Each structure stands twice: as C-alpha cells, then as structure tokens.
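Since the structure comes first, as structure tokens, the remarks are kept for the end.
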Amino acid sequence: MEHIRMPKVENVRLLDRLSSRRAVVGTLYLTATHVIFVENGSETRKETWVLHSQISSIEKQATTATGCPLLIRCKNFQVIQLVIPQERDCHDVYISLIRLARPVKYEELYCFSFNPKLDKEEREQGWKLVDLNEEYNRMGVPNNYWQISDVNRDYGVCDSYPTEVYVPKSATAHIIVGSSKFRSRRRFPALSYYCKGNNASICRSSQPLSGFSARCLEDEQMLQAIRKANPGSDFIYVVDTRPKLNAMANRAAGKGYENEDNYSNIKFQFIGIENIHVMRNSLQKMLEVCELKSPSMSDFLWGLENSGWLKHIKAIMDAGIFIAKVLIEKDWISFGHKFNHRYGNLDGDPKEISPVIDQFIECIWQLMEQFPCAFEFNERFLIHIQHHIYSCQFGNFLCNSQKERRELKIKERTYSLWAHLWKNRADYLNPLYRSDHSQTQGTLHPQITPCNFLYKFWSGMYNRFEKGLHPRQSVTDYLMAVKEETQQLEEELKVLQERLANLQKSQSGDNKVKSKQQDRSKQTGLYTSNNSLANTPQEYSNDLKSFPSRSPSQGDEEDSALILTQDNLKSSDPDLSANSDQESGVEDLSCRSPSGGGCLPSEDSGKDSDEAVFLAG
C-alpha cells in the first residue's frame, strides 16, 4: 500500500473504445492487487477489475478540456481508457500504477497473497494433480533403452533443468557432463517425448558452442546414444528451430549449430522460426490493427497480413507437425522456460519479453479449428490458461527454472492453477468431442498449404473484451448451452415416461376391475357407471396435474409439462440462471471477479536455449 499515492478518485470516465458517447462515470480505486472501476449507476453498480500483474503498459496522454486521459494496456489484450478530471490526480494514479505493475521481487506478486480458502492438505493435493513421473511412465519409460539419471542432482550440471532427467542407458555421467559443457547454458540433450509403439523419441537441448570449427567427442557420443536408443532407426534428425542465417551469425559469438561432418548418422533440418524480438514486434503490430476504430475490411486484412503474425503461427505449426508433441507442465515449466523474463512478471529488461507461450496456445487453438472433435477441452480452457500465465494469481508460471521455484517454496506458499481448472472442469468441456470419432483415433495430420488461408485470426482471444463487436457468443458456448438444455429435457422426459408407464399400468388394472363389475352387473341386472377412473390410486392424483390439460395445438404452452419453461430451468439448475446470459445459459467470462480466479494470468537475440531437437524415429 505504500506505493499507492491516490487510493480513490471520483468522477472518472471510462471510455468505450468504439464510441466516446458510451462513456460511463464512476469511481476509481487502487488496491494492493487490483485497479477497480465502479460505475455510479444506482441499479447496477458494474465493476471492472484489473490485476496489477496483468498491466502491460500505462500511457498518460495530453490533457484535454474534459480531463487527463490514461490508457492502460493489459497482457490479456484488454485496453482500458480512463479520463481523470484533475491532472494532479491522474499523475498520482500513473506513478502508482507504474510501480504496482512492475514488482521488483516475487513476494510482491498476487499469488503470495491470494487465498482461495483451502486448507494445507487441499493445496498439496492441487499441486499433485500433475505428476511428471506418471507422465513418463505413461509414455513407457524407464525401459531397456532409457533411464532416469540423477546426474543433475542439486542442479550441479544445469541449473535450468530439473534434478531428474531421462537419458539413454548407454550415456554415462562422463558423456552427459561433457556434452553439457559443449552446450549453451549447459542444456544437454534430454528426453522430452517417447513413443513406446515404435521406440521413437524427441530430445531437447540448446545450441552447441561450436563456433566455426570446435567439436566435442562427448557431445557426439551423446547423439549416437540417442540414435542407438531406437534400434529400428538408422539416423536421427537434428532440428534447429532458428532461421539458418541466424544460426550462422551465432557462430561468430562462439555458438552455432552441429557440423554434420563431425556427427555420424544425422540429418540436419532448419525450421525458420524468428527470434523473440521479431515475435514481440509482430504481436504489437497485430494489436495495433485490433485497436483501429471501425477499420474497413481491406484495412484490417492488410494490417493483419503486414504484421506477419499468422505467418509466424504457420511456421511454428509446421515445426510442430515435423517434431510432434509438447506438454505445458513438462516441457515449459520443468525444463526451464524463462517465464519471468518472457512475460515480465518482475521489473526487468523489456527486450527479453516475447509472446512465446501465447503462440504455443494459439497453435493449439488453430489445431482445434481444423479438428473440432479431437480435443476434450474448449477455447475457454486455453483463454483461461493464457490469462493466468500473466495474472500471477497461481504459482505455476513463476520464475525461470525449477531451481528458482524450489528456492522460493512455491508449492508451500501458493496454489496450483490445475486444481482450479479441474474443480471447474465442466466449464472447459468441448461439446463436439467424441472419443469414438476418427479425429481422436491415432495421430492428427494438419493440412499444410503455402498460403495462410487455413490459419484464422483468433478474435476470441485478441478481441474478447470488445463488447461492441458481434456476435459476442462463440459457437462452442452456444453448443454447450444447447447440450445442457438437452440433457435437462432428457432427464425431464425420463421422469415423465416413468409417470406415464405407472398411469398406464394403473389404468390397465382399473379396466380389469371395470370388466369384472360389468360381468357381475349383467348377471344381477344392475347398471355400472363409467366413472371408475375416478378411483385411481392417490399417489397418481398429484401427478395428473403436471400433464397437459389440452393438446399443444390448442395453445397455452405454459400448461404443458413437456415444455421446459424458464422457471423450470431456474429450479433445475441454479447456476444456469444465476451465472449466465439470458440467451444461452453460458456465463460471460468477462463478468467474473478476477479475485475469484475464474476471470479472465538477458540472453542473446535468438531463442538459443532450446533450438535443437533430436528425433530418433
């Protein structure tokens, strides 16, 4: 709180980006964790919450006759424009947010104060939801070819790798340590993925310190050990994700790439993914296009093409198609992706920031668009992960390595995002997913074309806060609402069918009684009334009230129990009515309070920590 110069400012205007006439007046609050804008409307006091850790930049603009504008851009692509009446107040808010949005130590991040009211045991269970040993066991290791090594215990070989890594059985500690000394940041080749069906493997490492002519016998032996770990393979691919020109330039700095003359039985492949600076500039250009006011279709498409964003997404997709599979917890978190440097969790070098994991998440979405029935999760799941990478509300995406996370005792002091997502897993199910569909059987084979027509602009991510754009509801959300309503109708139908069967059974019994009475009346000459149905059992009398008293064609559908009215929906599913929009019963992501967790978290110029990938297949 000591960094907050102005905790409350009244008569602040929140501008609508598409129309200045829709500006609303309210009160701006600065807390230790959030910026909060509360509208003055007496009936619906709408609140806008923004985490300090989500703020990417704050721009204080020139004072106008109506006040001093303040533009806040967020890492989740939300843009907020405020007009503060007094320039002095605006300056105090600006200075406060500059400091609050750029913490200097991890303990200032939101996850260290966030409390979802879970006990110690529940927090521990949340961190145990993802077990990397179980993931490796699922892949089929350890086995006759691969073993777990403790050569990196206490992070003695590579401080950005986990303490336990899988390596070929034939790779001795001497070979591993020697290879690490020949690799940038000592990131030696380690197993990332294994296919037990054909013994194919994917290993990861950084670029070699080869310069123009250097070589390392242990590194060459390490690559041969990887090849021999697949008896059915005569060679391995060495995949360098950089453009070849960048790799050649790094030779002058003593780095570079593997010399095929020194490594036997390898095939070299450059992918051509640009470095972090190019990616950062490309994203900025695309966001500038998104912020245009009422652009023509041609202007928007030209700006999108000029940003190069979809071209980069395609390059990453091509690399993924060539290489195969990656998992967030294992390949990003455990193997030392630099979350702090890449996403600006703490105040640091802005040149190190780059949307690397944003592109990974978008690549998954692009795959979902091509294979809508292949994924159990939906778009909302990806958006929430992207949000919490930057929110710092949970401890999963902090620091630059496993070593740093253990030193900070992240698991003892913060909560896991995966537990939160699992608790609310019903919100993240893909209604199109079918386990028996052809798309879920075997390997996905995305289409590869020389053009960008297969790759779409992800408006659900980059324009999700633009309320003026239509349609607001995604097809997936609509299908989920239809699926929920269908399930309710099917349950109601089942109950009605049971009641009908009971009534028919009862009526059949009454008809038998009636038939016997008529037989007796014929014998005795007495007349029997046709009102025997009035003698039905008492337990069915109340059920009759729920059945239609006339046919649907006669109108007045409210009398029919076969029509599920809004009142039925409210009584049968409180969440559907209380936390949903009126059209579909699907909650509006942007309306949840961020404090609840449901809202929508210097190295050289290249991404040299993991350029090389080894494929033994």
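Every chain in the structure tokens has a letter given in the order shown (A, B, ...), and although residue numbers restart at 1 in each chain, ligands are simply numbered from 1 in the order shown.
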
Item to check | Residues of range 86-295 of chain A in alpha helix (DSSP H), written as a PyMOL selection string | outcome: chain A and resi 87-100+120-127+132-139+173-181+217-228+244-250+276-290

Considering only C-alpha atoms, tabulate each residue of range 38-84 of chain A that lies at most 12 Å from range 276-300 of chain A along with its nearest interatomic pair and the corresponding distance in Å to one decimal; arrange the rows by chain and ascending residue number and present them as CSV.
```
residue,atom,partner,partner_atom,distance
A:Ser56,CA,A:Gln284,CA,11.6
A:Arg73,CA,A:Leu287,CA,10.3
A:Cys74,CA,A:Leu287,CA,11.2
A:Lys75,CA,A:Leu287,CA,11.0
A:Asn76,CA,A:Leu287,CA,11.2
A:Phe77,CA,A:Leu287,CA,7.9
A:Gln78,CA,A:Glu291,CA,10.2
A:Val79,CA,A:Glu291,CA,8.6
A:Ile80,CA,A:Glu291,CA,11.3
A:Gln81,CA,A:Glu291,CA,11.9
```

Prev. selection, all heavy atoms, output as an mmCIF file, in the first residue's frame:
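After the write, out.cif holds the following:
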```cif
data_model
loop_
_atom_site.group_PDB
_atom_site.id
_atom_site.type_symbol
_atom_site.label_atom_id
_atom_site.label_comp_id
_atom_site.auth_asym_id
_atom_site.auth_seq_id
_atom_site.Cartn_x
_atom_site.Cartn_y
_atom_site.Cartn_z
ATOM 1 N N SER A 56 0.290 -4.285 -18.900
ATOM 2 C CA SER A 56 1.471 -4.315 -19.762
ATOM 3 C C SER A 56 2.111 -2.945 -19.885
ATOM 4 O O SER A 56 3.331 -2.802 -19.822
ATOM 5 C CB SER A 56 1.080 -4.831 -21.151
ATOM 6 O OG SER A 56 2.159 -4.752 -22.040
ATOM 7 N N ARG A 73 -2.985 -0.698 -21.129
ATOM 8 C CA ARG A 73 -2.999 -1.899 -21.966
ATOM 9 C C ARG A 73 -2.603 -3.098 -21.110
ATOM 10 O O ARG A 73 -1.642 -3.031 -20.347
ATOM 11 C CB ARG A 73 -2.041 -1.760 -23.151
ATOM 12 C CG ARG A 73 -2.498 -0.760 -24.200
ATOM 13 C CD ARG A 73 -1.577 -0.801 -25.419
ATOM 14 N NE ARG A 73 -2.086 0.028 -26.505
ATOM 15 C CZ ARG A 73 -1.775 1.306 -26.674
ATOM 16 N NH1 ARG A 73 -0.957 1.894 -25.814
ATOM 17 N NH2 ARG A 73 -2.280 1.988 -27.678
ATOM 18 N N CYS A 74 -3.335 -4.201 -21.288
ATOM 19 C CA CYS A 74 -3.126 -5.370 -20.445
ATOM 20 C C CYS A 74 -2.535 -6.525 -21.241
ATOM 21 O O CYS A 74 -2.673 -6.599 -22.465
ATOM 22 C CB CYS A 74 -4.444 -5.815 -19.798
ATOM 23 S SG CYS A 74 -5.185 -4.543 -18.754
ATOM 24 N N LYS A 75 -1.895 -7.445 -20.537
ATOM 25 C CA LYS A 75 -1.262 -8.594 -21.162
ATOM 26 C C LYS A 75 -2.276 -9.597 -21.698
ATOM 27 O O LYS A 75 -1.933 -10.439 -22.527
ATOM 28 C CB LYS A 75 -0.332 -9.279 -20.155
ATOM 29 C CG LYS A 75 0.791 -8.374 -19.659
ATOM 30 C CD LYS A 75 1.571 -9.017 -18.525
ATOM 31 C CE LYS A 75 2.618 -8.074 -17.969
ATOM 32 N NZ LYS A 75 3.337 -8.649 -16.802
ATOM 33 N N ASN A 76 -3.516 -9.515 -21.214
ATOM 34 C CA ASN A 76 -4.570 -10.381 -21.760
ATOM 35 C C ASN A 76 -5.352 -9.676 -22.860
ATOM 36 O O ASN A 76 -6.461 -10.081 -23.196
ATOM 37 C CB ASN A 76 -5.513 -10.849 -20.651
ATOM 38 C CG ASN A 76 -6.217 -9.696 -19.947
ATOM 39 O OD1 ASN A 76 -5.990 -8.523 -20.262
ATOM 40 N ND2 ASN A 76 -7.067 -10.010 -18.994
ATOM 41 N N PHE A 77 -4.770 -8.592 -23.387
ATOM 42 C CA PHE A 77 -5.257 -7.861 -24.562
ATOM 43 C C PHE A 77 -6.476 -6.986 -24.266
ATOM 44 O O PHE A 77 -7.155 -6.539 -25.180
ATOM 45 C CB PHE A 77 -5.548 -8.818 -25.728
ATOM 46 C CG PHE A 77 -4.430 -9.776 -25.975
ATOM 47 C CD1 PHE A 77 -4.604 -11.136 -25.791
ATOM 48 C CD2 PHE A 77 -3.177 -9.322 -26.350
ATOM 49 C CE1 PHE A 77 -3.560 -12.022 -25.984
ATOM 50 C CE2 PHE A 77 -2.117 -10.199 -26.546
ATOM 51 C CZ PHE A 77 -2.313 -11.561 -26.366
ATOM 52 N N GLN A 78 -6.744 -6.726 -23.004
ATOM 53 C CA GLN A 78 -7.771 -5.756 -22.638
ATOM 54 C C GLN A 78 -7.166 -4.356 -22.697
ATOM 55 O O GLN A 78 -6.010 -4.138 -22.305
ATOM 56 C CB GLN A 78 -8.284 -6.043 -21.226
ATOM 57 C CG GLN A 78 -9.442 -5.143 -20.794
ATOM 58 C CD GLN A 78 -9.970 -5.526 -19.420
ATOM 59 O OE1 GLN A 78 -9.332 -6.273 -18.681
ATOM 60 N NE2 GLN A 78 -11.144 -5.045 -19.070
ATOM 61 N N VAL A 79 -7.925 -3.393 -23.204
ATOM 62 C CA VAL A 79 -7.492 -1.998 -23.279
ATOM 63 C C VAL A 79 -8.505 -1.140 -22.532
ATOM 64 O O VAL A 79 -9.706 -1.186 -22.821
ATOM 65 C CB VAL A 79 -7.368 -1.514 -24.739
ATOM 66 C CG1 VAL A 79 -6.938 -0.046 -24.776
ATOM 67 C CG2 VAL A 79 -6.375 -2.379 -25.506
ATOM 68 N N ILE A 80 -8.029 -0.375 -21.557
ATOM 69 C CA ILE A 80 -8.913 0.455 -20.735
ATOM 70 C C ILE A 80 -8.466 1.907 -20.860
ATOM 71 O O ILE A 80 -7.287 2.222 -20.651
ATOM 72 C CB ILE A 80 -8.864 0.011 -19.259
ATOM 73 C CG1 ILE A 80 -9.395 -1.418 -19.124
ATOM 74 C CG2 ILE A 80 -9.648 0.966 -18.375
ATOM 75 C CD1 ILE A 80 -9.270 -1.982 -17.734
ATOM 76 N N GLN A 81 -9.409 2.783 -21.222
ATOM 77 C CA GLN A 81 -9.095 4.205 -21.344
ATOM 78 C C GLN A 81 -9.931 4.986 -20.336
ATOM 79 O O GLN A 81 -11.164 4.956 -20.365
ATOM 80 C CB GLN A 81 -9.369 4.714 -22.760
ATOM 81 C CG GLN A 81 -8.889 6.149 -22.971
ATOM 82 C CD GLN A 81 -8.754 6.514 -24.434
ATOM 83 O OE1 GLN A 81 -9.198 5.781 -25.290
ATOM 84 N NE2 GLN A 81 -8.120 7.653 -24.704
#
```

Next on the checklist: Set the distance at 12 Å and use only C-alpha atoms: which residues neighbour Gly442 in chain A once local chain neighbours fewer than 4 positions away are removed? I'd like the list as a ChimeraX atom specification.
Outcome noted: /A:197,374,435-438

Now that the selection is made, can you save its residues with all heavy atoms as a PDB file, in the first residue's frame?
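After the write, out23.pdb holds the following:
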```pdb
ATOM      1  N   GLY A 197       5.321 -47.338 -28.994  1.00  0.00           N
ATOM      2  CA  GLY A 197       4.893 -48.171 -30.110  1.00  0.00           C
ATOM      3  C   GLY A 197       6.015 -48.483 -31.085  1.00  0.00           C
ATOM      4  O   GLY A 197       6.107 -49.594 -31.613  1.00  0.00           O
ATOM      5  N   ALA A 374     -11.503 -33.465 -31.811  1.00  0.00           N
ATOM      6  CA  ALA A 374     -10.348 -34.220 -31.315  1.00  0.00           C
ATOM      7  C   ALA A 374      -9.912 -33.825 -29.910  1.00  0.00           C
ATOM      8  O   ALA A 374      -9.142 -34.554 -29.294  1.00  0.00           O
ATOM      9  CB  ALA A 374      -9.176 -34.058 -32.277  1.00  0.00           C
ATOM     10  N   SER A 435     -15.055 -39.503 -28.285  1.00  0.00           N
ATOM     11  CA  SER A 435     -13.944 -40.442 -28.139  1.00  0.00           C
ATOM     12  C   SER A 435     -13.903 -41.474 -29.256  1.00  0.00           C
ATOM     13  O   SER A 435     -12.855 -42.045 -29.547  1.00  0.00           O
ATOM     14  CB  SER A 435     -14.037 -41.154 -26.789  1.00  0.00           C
ATOM     15  OG  SER A 435     -15.277 -41.846 -26.680  1.00  0.00           O
ATOM     16  N   ASP A 436     -15.061 -41.692 -29.912  1.00  0.00           N
ATOM     17  CA  ASP A 436     -15.105 -42.684 -30.990  1.00  0.00           C
ATOM     18  C   ASP A 436     -14.964 -42.055 -32.373  1.00  0.00           C
ATOM     19  O   ASP A 436     -15.080 -42.739 -33.386  1.00  0.00           O
ATOM     20  CB  ASP A 436     -16.421 -43.463 -30.922  1.00  0.00           C
ATOM     21  CG  ASP A 436     -17.650 -42.555 -31.061  1.00  0.00           C
ATOM     22  OD1 ASP A 436     -17.504 -41.324 -30.878  1.00  0.00           O
ATOM     23  OD2 ASP A 436     -18.744 -43.074 -31.332  1.00  0.00           O
ATOM     24  N   HIS A 437     -14.693 -40.740 -32.416  1.00  0.00           N
ATOM     25  CA  HIS A 437     -14.582 -40.053 -33.701  1.00  0.00           C
ATOM     26  C   HIS A 437     -13.238 -40.367 -34.341  1.00  0.00           C
ATOM     27  O   HIS A 437     -12.239 -40.617 -33.664  1.00  0.00           O
ATOM     28  CB  HIS A 437     -14.735 -38.543 -33.505  1.00  0.00           C
ATOM     29  CG  HIS A 437     -15.003 -37.786 -34.768  1.00  0.00           C
ATOM     30  ND1 HIS A 437     -14.004 -37.423 -35.642  1.00  0.00           N
ATOM     31  CD2 HIS A 437     -16.158 -37.332 -35.315  1.00  0.00           C
ATOM     32  CE1 HIS A 437     -14.527 -36.773 -36.665  1.00  0.00           C
ATOM     33  NE2 HIS A 437     -15.840 -36.697 -36.481  1.00  0.00           N
ATOM     34  N   SER A 438     -13.203 -40.332 -35.660  1.00  0.00           N
ATOM     35  CA  SER A 438     -11.958 -40.633 -36.381  1.00  0.00           C
ATOM     36  C   SER A 438     -10.838 -39.665 -36.013  1.00  0.00           C
ATOM     37  O   SER A 438      -9.666 -40.010 -36.058  1.00  0.00           O
ATOM     38  CB  SER A 438     -12.203 -40.601 -37.889  1.00  0.00           C
ATOM     39  OG  SER A 438     -12.662 -39.307 -38.292  1.00  0.00           O
TER      40      SER A 438
END
```

Checklist entry - Where in range 174-404 of chain A does DSSP assign strand (DSSP E), given as a VMD selection string? => result chain A and resid 190 to 195 200 to 205 236 to 240 266 to 270

Item to check | Interatomic distance, CA of Phe322 in chain A to CA of Thr172 in chain A (Å, one decimal) | outcome: 29.5 Å

Checklist outcome for this item: Judged by only C-alpha atoms, the minimum distance to Val475 in chain A among A:Leu71, A:Ala101, A:Leu444, A:Leu432 is found for A:Leu432

Checklist outcome for this item: What separates CA of Phe37 in chain A and CA of Ile353 in chain A is a distance of 28.3 Å

Determine, counting only C-alpha atoms, which protein, DNA and RNA residues have an atom within 9 Å of an atom of Ile84 in chain A; residues of the same chain fewer than 4 positions away are not included. Present the result as a CSV table (one decimal) with N, CA and C atoms, in the first residue's frame.
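part01.csv written:
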```csv
chain,number,residue,atom,x,y,z
A,9,VAL,N,-10.3,7.9,-6.6
A,9,VAL,CA,-10.6,9.1,-7.4
A,9,VAL,C,-12.0,9.0,-7.9
A,10,GLU,N,-12.8,10.1,-7.7
A,10,GLU,CA,-14.2,10.1,-8.1
A,10,GLU,C,-14.4,10.8,-9.4
A,11,ASN,N,-15.6,10.6,-10.0
A,11,ASN,CA,-16.0,11.2,-11.3
A,11,ASN,C,-15.0,10.9,-12.4
A,12,VAL,N,-14.5,9.7,-12.4
A,12,VAL,CA,-13.7,9.2,-13.5
A,12,VAL,C,-14.5,8.7,-14.6
A,13,ARG,N,-14.2,9.0,-15.9
A,13,ARG,CA,-14.9,8.5,-17.0
A,13,ARG,C,-14.2,7.3,-17.6
A,66,THR,N,-11.8,18.0,-21.0
A,66,THR,CA,-12.7,17.1,-20.1
A,66,THR,C,-11.8,16.4,-19.1
A,67,GLY,N,-10.5,16.5,-19.1
A,67,GLY,CA,-9.7,15.9,-18.1
A,67,GLY,C,-8.4,15.3,-18.7
A,68,CYS,N,-7.8,14.4,-17.9
A,68,CYS,CA,-6.5,13.9,-18.3
A,68,CYS,C,-6.7,12.4,-18.6
A,69,PRO,N,-6.5,12.0,-19.9
A,69,PRO,CA,-6.7,10.6,-20.3
A,69,PRO,C,-5.5,9.7,-19.8
A,70,LEU,N,-5.9,8.5,-19.4
A,70,LEU,CA,-4.9,7.5,-19.0
A,70,LEU,C,-5.3,6.2,-19.7
A,89,ASP,N,-4.3,14.4,-10.0
A,89,ASP,CA,-4.8,13.0,-9.6
A,89,ASP,C,-4.3,12.0,-10.6
A,90,CYS,N,-4.4,12.4,-11.9
A,90,CYS,CA,-4.0,11.5,-13.0
A,90,CYS,C,-2.5,11.1,-12.8
```

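If only C-alpha atoms are the atoms counted, then among A:Asn430, A:Lys244, A:Ser506, A:His174 the closest residue to Pro372 in chain A is A:Asn430.
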
Checklist outcome for this item: Across A:Val151, A:Met248, A:Val177, A:Cys203, the smallest distance to Leu217 in chain A, with only C-alpha atoms counted, is shown by A:Val177

Item to check | Neighbour list for Asn378 in chain A as a PyMOL selection string, cut-off 9 Å, only C-alpha atoms, skip fewer than 5 positions in-chain | outcome: chain A and resi 365+368+427-431+476-477

Output all heavy atoms for every residue in that selection, as a PDB file, in the first residue's frame.
```pdb
ATOM      1  N   TRP A 365      -5.092 -23.788 -30.528  1.00  0.00           N
ATOM      2  CA  TRP A 365      -6.411 -23.343 -30.993  1.00  0.00           C
ATOM      3  C   TRP A 365      -6.562 -23.542 -32.500  1.00  0.00           C
ATOM      4  O   TRP A 365      -7.629 -23.964 -32.971  1.00  0.00           O
ATOM      5  CB  TRP A 365      -6.622 -21.871 -30.630  1.00  0.00           C
ATOM      6  CG  TRP A 365      -7.938 -21.340 -31.103  1.00  0.00           C
ATOM      7  CD1 TRP A 365      -9.162 -21.489 -30.515  1.00  0.00           C
ATOM      8  CD2 TRP A 365      -8.178 -20.580 -32.307  1.00  0.00           C
ATOM      9  NE1 TRP A 365     -10.130 -20.874 -31.265  1.00  0.00           N
ATOM     10  CE2 TRP A 365      -9.564 -20.311 -32.369  1.00  0.00           C
ATOM     11  CE3 TRP A 365      -7.352 -20.115 -33.318  1.00  0.00           C
ATOM     12  CZ2 TRP A 365     -10.131 -19.588 -33.410  1.00  0.00           C
ATOM     13  CZ3 TRP A 365      -7.924 -19.397 -34.358  1.00  0.00           C
ATOM     14  CH2 TRP A 365      -9.286 -19.134 -34.410  1.00  0.00           C
ATOM     15  N   MET A 368      -7.405 -26.980 -33.038  1.00  0.00           N
ATOM     16  CA  MET A 368      -8.801 -27.234 -32.657  1.00  0.00           C
ATOM     17  C   MET A 368      -9.762 -26.808 -33.764  1.00  0.00           C
ATOM     18  O   MET A 368     -10.803 -27.430 -33.964  1.00  0.00           O
ATOM     19  CB  MET A 368      -9.133 -26.503 -31.362  1.00  0.00           C
ATOM     20  CG  MET A 368      -8.428 -27.065 -30.138  1.00  0.00           C
ATOM     21  SD  MET A 368      -8.649 -26.028 -28.672  1.00  0.00           S
ATOM     22  CE  MET A 368     -10.431 -26.145 -28.433  1.00  0.00           C
ATOM     23  N   ASP A 427     -16.844 -26.305 -17.118  1.00  0.00           N
ATOM     24  CA  ASP A 427     -16.827 -25.091 -17.955  1.00  0.00           C
ATOM     25  C   ASP A 427     -15.915 -25.235 -19.161  1.00  0.00           C
ATOM     26  O   ASP A 427     -15.995 -24.434 -20.092  1.00  0.00           O
ATOM     27  CB  ASP A 427     -16.364 -23.882 -17.136  1.00  0.00           C
ATOM     28  CG  ASP A 427     -17.340 -23.519 -16.031  1.00  0.00           C
ATOM     29  OD1 ASP A 427     -18.522 -23.891 -16.153  1.00  0.00           O
ATOM     30  OD2 ASP A 427     -16.917 -22.877 -15.049  1.00  0.00           O
ATOM     31  N   TYR A 428     -15.030 -26.225 -19.134  1.00  0.00           N
ATOM     32  CA  TYR A 428     -13.990 -26.311 -20.157  1.00  0.00           C
ATOM     33  C   TYR A 428     -14.159 -27.514 -21.080  1.00  0.00           C
ATOM     34  O   TYR A 428     -13.241 -27.847 -21.832  1.00  0.00           O
ATOM     35  CB  TYR A 428     -12.613 -26.377 -19.489  1.00  0.00           C
ATOM     36  CG  TYR A 428     -12.371 -25.244 -18.514  1.00  0.00           C
ATOM     37  CD1 TYR A 428     -12.119 -25.485 -17.164  1.00  0.00           C
ATOM     38  CD2 TYR A 428     -12.425 -23.917 -18.935  1.00  0.00           C
ATOM     39  CE1 TYR A 428     -11.921 -24.441 -16.276  1.00  0.00           C
ATOM     40  CE2 TYR A 428     -12.226 -22.870 -18.057  1.00  0.00           C
ATOM     41  CZ  TYR A 428     -11.972 -23.141 -16.724  1.00  0.00           C
ATOM     42  OH  TYR A 428     -11.779 -22.107 -15.856  1.00  0.00           O
ATOM     43  N   LEU A 429     -15.300 -28.172 -21.037  1.00  0.00           N
ATOM     44  CA  LEU A 429     -15.521 -29.341 -21.884  1.00  0.00           C
ATOM     45  C   LEU A 429     -15.930 -28.927 -23.292  1.00  0.00           C
ATOM     46  O   LEU A 429     -16.710 -27.991 -23.479  1.00  0.00           O
ATOM     47  CB  LEU A 429     -16.599 -30.242 -21.275  1.00  0.00           C
ATOM     48  CG  LEU A 429     -16.256 -30.870 -19.919  1.00  0.00           C
ATOM     49  CD1 LEU A 429     -17.450 -31.677 -19.400  1.00  0.00           C
ATOM     50  CD2 LEU A 429     -15.022 -31.750 -20.024  1.00  0.00           C
ATOM     51  N   ASN A 430     -15.400 -29.619 -24.267  1.00  0.00           N
ATOM     52  CA  ASN A 430     -15.736 -29.378 -25.666  1.00  0.00           C
ATOM     53  C   ASN A 430     -16.963 -30.209 -26.028  1.00  0.00           C
ATOM     54  O   ASN A 430     -16.900 -31.442 -26.027  1.00  0.00           O
ATOM     55  CB  ASN A 430     -14.550 -29.765 -26.552  1.00  0.00           C
ATOM     56  CG  ASN A 430     -14.852 -29.660 -28.033  1.00  0.00           C
ATOM     57  OD1 ASN A 430     -15.850 -29.048 -28.436  1.00  0.00           O
ATOM     58  ND2 ASN A 430     -14.002 -30.248 -28.856  1.00  0.00           N
ATOM     59  N   PRO A 431     -18.096 -29.582 -26.343  1.00  0.00           N
ATOM     60  CA  PRO A 431     -19.314 -30.353 -26.655  1.00  0.00           C
ATOM     61  C   PRO A 431     -19.200 -31.165 -27.936  1.00  0.00           C
ATOM     62  O   PRO A 431     -19.993 -32.070 -28.166  1.00  0.00           O
ATOM     63  CB  PRO A 431     -20.389 -29.270 -26.772  1.00  0.00           C
ATOM     64  CG  PRO A 431     -19.647 -28.032 -27.134  1.00  0.00           C
ATOM     65  CD  PRO A 431     -18.324 -28.139 -26.443  1.00  0.00           C
ATOM     66  N   THR A 476     -19.059 -22.638 -29.833  1.00  0.00           N
ATOM     67  CA  THR A 476     -18.844 -23.651 -28.803  1.00  0.00           C
ATOM     68  C   THR A 476     -19.689 -23.374 -27.570  1.00  0.00           C
ATOM     69  O   THR A 476     -20.312 -24.280 -27.007  1.00  0.00           O
ATOM     70  CB  THR A 476     -17.354 -23.702 -28.408  1.00  0.00           C
ATOM     71  OG1 THR A 476     -16.569 -23.972 -29.569  1.00  0.00           O
ATOM     72  CG2 THR A 476     -17.111 -24.778 -27.369  1.00  0.00           C
ATOM     73  N   ASP A 477     -19.742 -22.097 -27.141  1.00  0.00           N
ATOM     74  CA  ASP A 477     -20.573 -21.756 -25.989  1.00  0.00           C
ATOM     75  C   ASP A 477     -22.035 -22.050 -26.264  1.00  0.00           C
ATOM     76  O   ASP A 477     -22.770 -22.537 -25.399  1.00  0.00           O
ATOM     77  CB  ASP A 477     -20.408 -20.270 -25.643  1.00  0.00           C
ATOM     78  CG  ASP A 477     -19.092 -19.995 -24.940  1.00  0.00           C
ATOM     79  OD1 ASP A 477     -18.430 -20.979 -24.545  1.00  0.00           O
ATOM     80  OD2 ASP A 477     -18.731 -18.826 -24.777  1.00  0.00           O
TER      81      ASP A 477
END
```

Checklist entry - Between A:Ser160, A:Asn400, A:Thr440, A:Asn262, which is the closest to Glu220 in chain A once you count only C-alpha atoms? => result A:Asn262
